[in-house]
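Chemist: Below is the file start.pdb, with PDB, C-alpha atoms.
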MODEL        1
ATOM      1  CA  MET A   6      73.474 142.995 121.269
ATOM      2  CA  LEU A   7      73.736 142.300 117.560
ATOM      3  CA  VAL A   8      74.176 145.395 115.380
ATOM      4  CA  SER A   9      74.959 145.865 111.721
ATOM      5  CA  PHE A  10      78.701 145.698 111.072
ATOM      6  CA  ASP A  11      78.316 148.710 108.781
ATOM      7  CA  SER A  12      76.906 150.758 111.663
ATOM      8  CA  LEU A  13      80.087 150.381 113.728
ATOM      9  CA  SER A  14      82.457 153.365 113.801
ATOM     10  CA  GLU A  15      85.948 153.267 112.321
ATOM     11  CA  ASP A  16      87.403 153.132 115.844
ATOM     12  CA  SER A  17      85.601 149.877 116.602
ATOM     13  CA  ARG A  18      87.743 146.867 117.512
ATOM     14  CA  ILE A  19      87.767 143.928 115.081
ATOM     15  CA  TRP A  20      88.901 140.333 114.963
ATOM     16  CA  ILE A  21      89.565 138.686 111.595
ATOM     17  CA  PHE A  22      89.143 134.949 111.184
ATOM     18  CA  GLN A  23      90.391 133.672 107.839
ATOM     19  CA  SER A  24      88.985 130.389 106.624
ATOM     20  CA  ASN A  25      91.249 127.736 105.173
ATOM     21  CA  GLN A  26      88.863 127.444 102.211
ATOM     22  CA  PHE A  27      86.429 129.609 100.326
ATOM     23  CA  LEU A  28      83.047 129.333 101.994
ATOM     24  CA  SER A  29      79.995 128.031 100.190
ATOM     25  CA  SER A  30      76.645 129.795 100.495
ATOM     26  CA  LYS A  31      75.486 127.068 102.865
ATOM     27  CA  GLN A  32      78.577 127.477 105.046
ATOM     28  CA  MET A  33      78.111 131.250 105.128
ATOM     29  CA  ASP A  34      74.458 130.779 106.098
ATOM     30  CA  THR A  35      75.500 128.499 108.966
ATOM     31  CA  ILE A  36      78.194 130.930 110.151
ATOM     32  CA  THR A  37      75.692 133.786 109.924
ATOM     33  CA  PHE A  38      73.157 131.841 111.997
ATOM     34  CA  GLU A  39      75.740 130.898 114.649
ATOM     35  CA  LEU A  40      77.244 134.385 114.933
ATOM     36  CA  ASN A  41      73.815 136.028 115.042
ATOM     37  CA  ARG A  42      72.942 133.740 117.928
ATOM     38  CA  PHE A  43      76.232 134.329 119.746
ATOM     39  CA  LEU A  44      76.432 138.109 119.308
ATOM     40  CA  LYS A  45      72.853 138.611 120.492
ATOM     41  CA  GLN A  46      73.865 137.258 123.909
ATOM     42  CA  TRP A  47      77.567 138.329 124.046
ATOM     43  CA  VAL A  48      78.316 140.078 127.341
ATOM     44  CA  SER A  49      81.232 141.424 129.345
ATOM     45  CA  HIS A  50      80.686 141.576 133.111
ATOM     46  CA  GLN A  51      76.934 141.115 132.540
ATOM     47  CA  VAL A  52      76.821 144.117 130.175
ATOM     48  CA  SER A  53      75.535 143.389 126.685
ATOM     49  CA  LEU A  54      78.127 144.090 123.979
ATOM     50  CA  SER A  55      77.155 145.875 120.751
ATOM     51  CA  ALA A  56      78.828 143.855 118.051
ATOM     52  CA  GLY A  57      78.346 142.891 114.441
ATOM     53  CA  PHE A  58      80.061 140.795 111.837
ATOM     54  CA  THR A  59      80.619 140.514 108.137
ATOM     55  CA  ILE A  60      81.954 137.872 105.776
ATOM     56  CA  ILE A  61      84.204 139.241 103.044
ATOM     57  CA  ASN A  62      85.226 137.460  99.832
ATOM     58  CA  ASN A  63      83.655 134.204 101.097
ATOM     59  CA  LEU A  64      86.845 133.817 103.139
ATOM     60  CA  PHE A  65      87.182 136.316 105.982
ATOM     61  CA  VAL A  66      84.828 136.326 108.969
ATOM     62  CA  ILE A  67      85.198 139.648 110.760
ATOM     63  CA  ILE A  68      83.653 140.469 114.131
ATOM     64  CA  GLY A  69      83.474 144.102 115.204
ATOM     65  CA  LEU A  70      82.794 145.536 118.648
ATOM     66  CA  ASP A  71      81.439 149.052 119.283
ATOM     67  CA  HIS A  72      84.353 151.386 120.021
ATOM     68  CA  ASN A  73      82.752 152.587 123.268
ATOM     69  CA  GLN A  74      82.854 149.114 124.804
ATOM     70  CA  THR A  75      85.608 146.969 126.176
ATOM     71  CA  THR A  76      85.768 143.247 126.591
ATOM     72  CA  SER A  77      86.967 141.138 129.456
ATOM     73  CA  GLY A  78      89.160 138.081 129.132
ATOM     74  CA  CYS A  79      86.084 135.951 129.722
ATOM     75  CA  SER A  80      84.136 137.627 126.902
ATOM     76  CA  ILE A  81      87.068 137.166 124.478
ATOM     77  CA  ASP A  82      87.244 133.519 125.556
ATOM     78  CA  ALA A  83      83.517 133.177 124.856
ATOM     79  CA  MET A  84      84.015 134.568 121.344
ATOM     80  CA  MET A  85      86.902 132.176 120.702
ATOM     81  CA  HIS A  86      84.804 129.260 121.956
ATOM     82  CA  ALA A  87      82.024 130.284 119.558
ATOM     83  CA  ILE A  88      84.516 130.353 116.658
ATOM     84  CA  GLN A  89      85.941 126.979 117.727
ATOM     85  CA  ALA A  90      82.417 125.516 117.800
ATOM     86  CA  ILE A  91      81.853 126.779 114.245
ATOM     87  CA  GLU A  92      85.167 125.254 113.176
ATOM     88  CA  LYS A  93      84.280 121.894 114.672
ATOM     89  CA  ARG A  94      80.714 121.845 113.384
ATOM     90  CA  MET A  95      81.759 122.772 109.852
ATOM     91  CA  ASP A  96      85.196 121.117 109.669
ATOM     92  CA  LEU A  97      86.850 124.481 108.927
ATOM     93  CA  GLN A  98      89.913 126.289 110.155
ATOM     94  CA  LEU A  99      89.224 129.858 111.219
ATOM     95  CA  LEU A 100      91.865 130.265 113.922
ATOM     96  CA  ASN A 101      94.903 128.951 112.055
ATOM     97  CA  ARG A 102      97.201 131.976 111.719
ATOM     98  CA  THR A 103      99.633 130.072 109.494
ATOM     99  CA  ASN A 104      97.293 130.348 106.491
ATOM    100  CA  VAL A 105      98.222 133.299 104.275
ATOM    101  CA  ALA A 106      95.908 134.990 101.778
ATOM    102  CA  PHE A 107      97.278 137.113  98.960
ATOM    103  CA  GLN A 108      96.291 138.332  95.516
ATOM    104  CA  ILE A 109      97.838 137.598  92.157
ATOM    105  CA  ASN A 110      96.219 139.242  89.152
ATOM    106  CA  GLY A 111      93.314 140.259  91.386
ATOM    107  CA  LYS A 112      92.568 136.673  92.396
ATOM    108  CA  ILE A 113      92.789 135.667  96.064
ATOM    109  CA  GLN A 114      94.943 132.665  96.835
ATOM    110  CA  MET A 115      95.563 130.888 100.125
ATOM    111  CA  ILE A 116      98.510 128.790 101.182
ATOM    112  CA  GLY A 117     100.369 127.803 104.306
ATOM    113  CA  LEU A 118     103.102 130.037 105.652
ATOM    114  CA  ASN A 119     105.879 127.618 104.639
ATOM    115  CA  GLU A 120     104.610 127.546 101.062
ATOM    116  CA  PHE A 121     104.320 131.337 101.142
ATOM    117  CA  GLN A 122     107.979 131.599 102.170
ATOM    118  CA  ASP A 123     108.916 129.240  99.324
ATOM    119  CA  LEU A 124     107.089 131.453  96.813
ATOM    120  CA  ILE A 125     109.001 134.464  98.110
ATOM    121  CA  ASN A 126     112.307 132.611  97.878
ATOM    122  CA  ARG A 127     111.516 131.511  94.305
ATOM    123  CA  LYS A 128     110.506 135.111  93.515
ATOM    124  CA  SER A 129     107.024 133.960  92.461
ATOM    125  CA  ILE A 130     105.699 136.698  94.728
ATOM    126  CA  ASN A 131     107.486 139.911  95.575
ATOM    127  CA  ARG A 132     107.404 143.115  97.614
ATOM    128  CA  SER A 133     104.427 144.470  95.689
ATOM    129  CA  THR A 134     102.261 141.349  95.971
ATOM    130  CA  VAL A 135      99.062 142.296  97.807
ATOM    131  CA  VAL A 136      98.617 140.389 101.056
ATOM    132  CA  PHE A 137      95.829 140.401 103.624
ATOM    133  CA  ASN A 138      97.149 141.736 106.918
ATOM    134  CA  ASN A 139      94.796 140.004 109.339
ATOM    135  CA  MET A 140      96.573 141.634 112.284
ATOM    136  CA  VAL A 141      94.680 144.913 111.836
ATOM    137  CA  SER A 142      92.582 145.697 114.894
ATOM    138  CA  THR A 143      90.095 148.442 113.970
ATOM    139  CA  ILE A 144      87.632 149.082 111.169
ATOM    140  CA  LYS A 145      89.737 152.063 110.102
ATOM    141  CA  GLU A 146      92.791 149.806 109.763
ATOM    142  CA  LEU A 147      90.643 147.282 107.904
ATOM    143  CA  LYS A 148      89.882 149.979 105.344
ATOM    144  CA  THR A 149      93.420 151.351 105.098
ATOM    145  CA  ASN A 150      95.923 148.654 106.083
ATOM    146  CA  TRP A 151      94.323 145.262 105.482
ATOM    147  CA  LYS A 152      95.047 144.742 101.787
ATOM    148  CA  VAL A 153      98.586 146.017 101.399
ATOM    149  CA  PRO A 154     101.758 145.308  99.450
ATOM    150  CA  LEU A 155     103.789 142.599 101.135
ATOM    151  CA  GLU A 156     106.542 145.135 101.908
ATOM    152  CA  ASN A 157     104.061 147.118 104.063
ATOM    153  CA  SER A 158     102.790 144.134 106.053
ATOM    154  CA  TRP A 159     104.093 141.961 108.858
ATOM    155  CA  HIS A 160     104.767 139.418 106.087
ATOM    156  CA  LYS A 161     107.815 141.470 105.041
ATOM    157  CA  ARG A 162     109.922 139.612 107.613
ATOM    158  CA  TYR A 163     110.056 136.764 105.081
ATOM    159  CA  LEU A 164     111.617 138.905 102.362
ATOM    160  CA  MET A 165     115.282 138.303 101.627
ATOM    161  CA  SER A 166     117.457 141.332 102.294
TER
ENDMDL
END
Could you quickly redo this structure as structure tokens?

Modeler:
Amino acid sequence: MLVSFDSLSEDSRIWIFQSNQFLSSKQMDTITFELNRFLKQWVSHQVSLSAGFTIINNLFVIIGLDHNQTTSGCSIDAMMHAIQAIEKRMDLQLLNRTNVAFQINGKIQMIGLNEFQDLINRKSINRSTVVFNNMVSTIKELKTNWKVPLENSWHKRYLMS
């Protein structure tokens, strides 16, 4: 069952899919159409799931699931297949976890993980550079631990000692 993302509680589970490019209005409309269609029929063990989604900064597609519901492996697979279908249809990458998004002077930038490591090594970005921690798993974490200094994210493993 499709619900408004904003109506989901802070304890609700989320999945963040970062695009490899900023999305155009047309691309966002297509993603919105496809996710509306998918989430309206998303089930786990024949029980309708209450879920919503949002697109943030024309880059991050975030699906949220009501905190009172759990998913099965099959329902997670169905969601991943829906995302893969969107990727294929639109020639986008939404599942590539080696793309890193960060902010410099308030502007979001995206690069591959190897390039990100090079920027760290060259000291072009540092401990205080804001990164997007797409590993957060609840709406509460999205609000409090998604945009964080590099030193407070999983990305810190790439910092030199």

Chemist: Please, which residues in segment 84-123 of chain A fall within 12 Å of segment 18-28 of chain A when counting all atoms listed in the file, and what is the closest atom pair and distance in Å to one decimal for each, ordered by chain then residue number, as a tab-separated table?

Modeler:
residue	atom	partner	partner_atom	distance
A:Met84	CA	A:Trp20	CA	9.9
A:Met85	CA	A:Phe22	CA	10.2
A:Ala87	CA	A:Phe22	CA	11.9
A:Ile88	CA	A:Phe22	CA	8.5
A:Gln89	CA	A:Phe22	CA	10.8
A:Ile91	CA	A:Ser24	CA	11.0
A:Glu92	CA	A:Ser24	CA	9.2
A:Met95	CA	A:Leu28	CA	10.3
A:Asp96	CA	A:Asn25	CA	10.0
A:Leu97	CA	A:Asn25	CA	6.6
A:Gln98	CA	A:Asn25	CA	5.4
A:Leu99	CA	A:Ser24	CA	4.6
A:Leu100	CA	A:Phe22	CA	6.1
A:Asn101	CA	A:Gln23	CA	7.8
A:Arg102	CA	A:Gln23	CA	8.0
A:Thr103	CA	A:Asn25	CA	9.7
A:Asn104	CA	A:Asn25	CA	6.7
A:Val105	CA	A:Gln23	CA	8.6
A:Ala106	CA	A:Gln23	CA	8.3
A:Phe107	CA	A:Gln23	CA	11.8
A:Ile113	CA	A:Phe27	CA	9.8
A:Gln114	CA	A:Gln26	CA	9.7
A:Met115	CA	A:Asn25	CA	7.4
A:Ile116	CA	A:Asn25	CA	8.4
A:Gly117	CA	A:Asn25	CA	9.2

Chemist: Provide an axis-aligned box for all listed atoms of segment 84-100 of chain A, padding each side by 6 Å; report its centre and its edge lengths in Å to one decimal, as JSON.

Modeler:
{"center_x": 86.3, "center_y": 127.8, "center_z": 115.4, "size_x": 23.2, "size_y": 25.5, "size_z": 25.0}

Chemist: What's the separation between atom CA of Arg42 of chain A and atom CA of Met140 of chain A, in Å to one decimal place?

Modeler: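 Interatomic distance, atom CA of Arg42 of chain A to atom CA of Met140 of chain A: 25.5 Å.
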
Chemist: Can you list what the PyMOL selection byres ((chain A and resi 47-54) around 10) grabs from this structure, as number ranges by chain?

Modeler: A: 6-8, 40, 42-46, 55-57, 70-71, 73-81, 83-84

Chemist: Kindly resolve the PyMOL selection byres ((chain A and resi 156) around 12) on the present coordinates and return the residues as an MDAnalysis selection string.

Modeler: chainID A and resid 125 130:138 150 152:155 157:166

Chemist: Work out how far atom CA of His72 of chain A is from atom CA of Leu13 of chain A, in Å to one decimal.

Modeler: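 Between atom CA of Leu13 of chain A and atom CA of His72 of chain A the gap works out to 7.7 Å.
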
Chemist: For Asp16 of chain A, list every protein, DNA or RNA residue within 7 Å, evaluated using only C-alpha atoms, and leave out those in the same chain fewer than 4 positions away; present the list as a PDB file with C-alpha atoms, in the frame of the given file.

Modeler:
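This went into selection-v3.pdb:
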ATOM      1  CA  HIS A  72      84.353 151.386 120.021  1.00  0.00           C
ATOM      2  CA  THR A 143      90.095 148.442 113.970  1.00  0.00           C
ATOM      3  CA  ILE A 144      87.632 149.082 111.169  1.00  0.00           C
ATOM      4  CA  LYS A 145      89.737 152.063 110.102  1.00  0.00           C
TER       5      LYS A 145
END

Chemist: For atom CA of His86 of chain A and atom CA of Ile61 of chain A, determine how far apart the two atoms are, in Å to one decimal place.

Modeler: 21.4 Å

Chemist: Using all atoms listed in the file, which of A:Ser17, A:Ser129, A:Asn62, A:Thr149 sits nearest Lys112 of chain A?

Modeler: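 Closest candidate: A:Asn62.
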
Chemist: May I ask which of the residues A:Asn119, A:Asn63, A:Asn139, A:Ser14 is the closest one to Lys31 of chain A, counting only C-alpha atoms?

Modeler: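 The shortest atom-to-atom distance to Lys31 of chain A comes from A:Asn63.
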
Chemist: Residues within 9 Å of Ile60 of chain A, please, as a PyMOL selection string. Count all atoms listed in the file; anything in the same chain fewer than 5 positions from it doesn't count.

Modeler: chain A and resi 33+37+65-68

Chemist: When you count all atoms listed in the file, which of these residues is closest to Ala90 of chain A: A:Gln108, A:Thr35, A:Gln122, A:Ser12?

Modeler: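 Of all the options, A:Thr35 lies closest to Ala90 of chain A.
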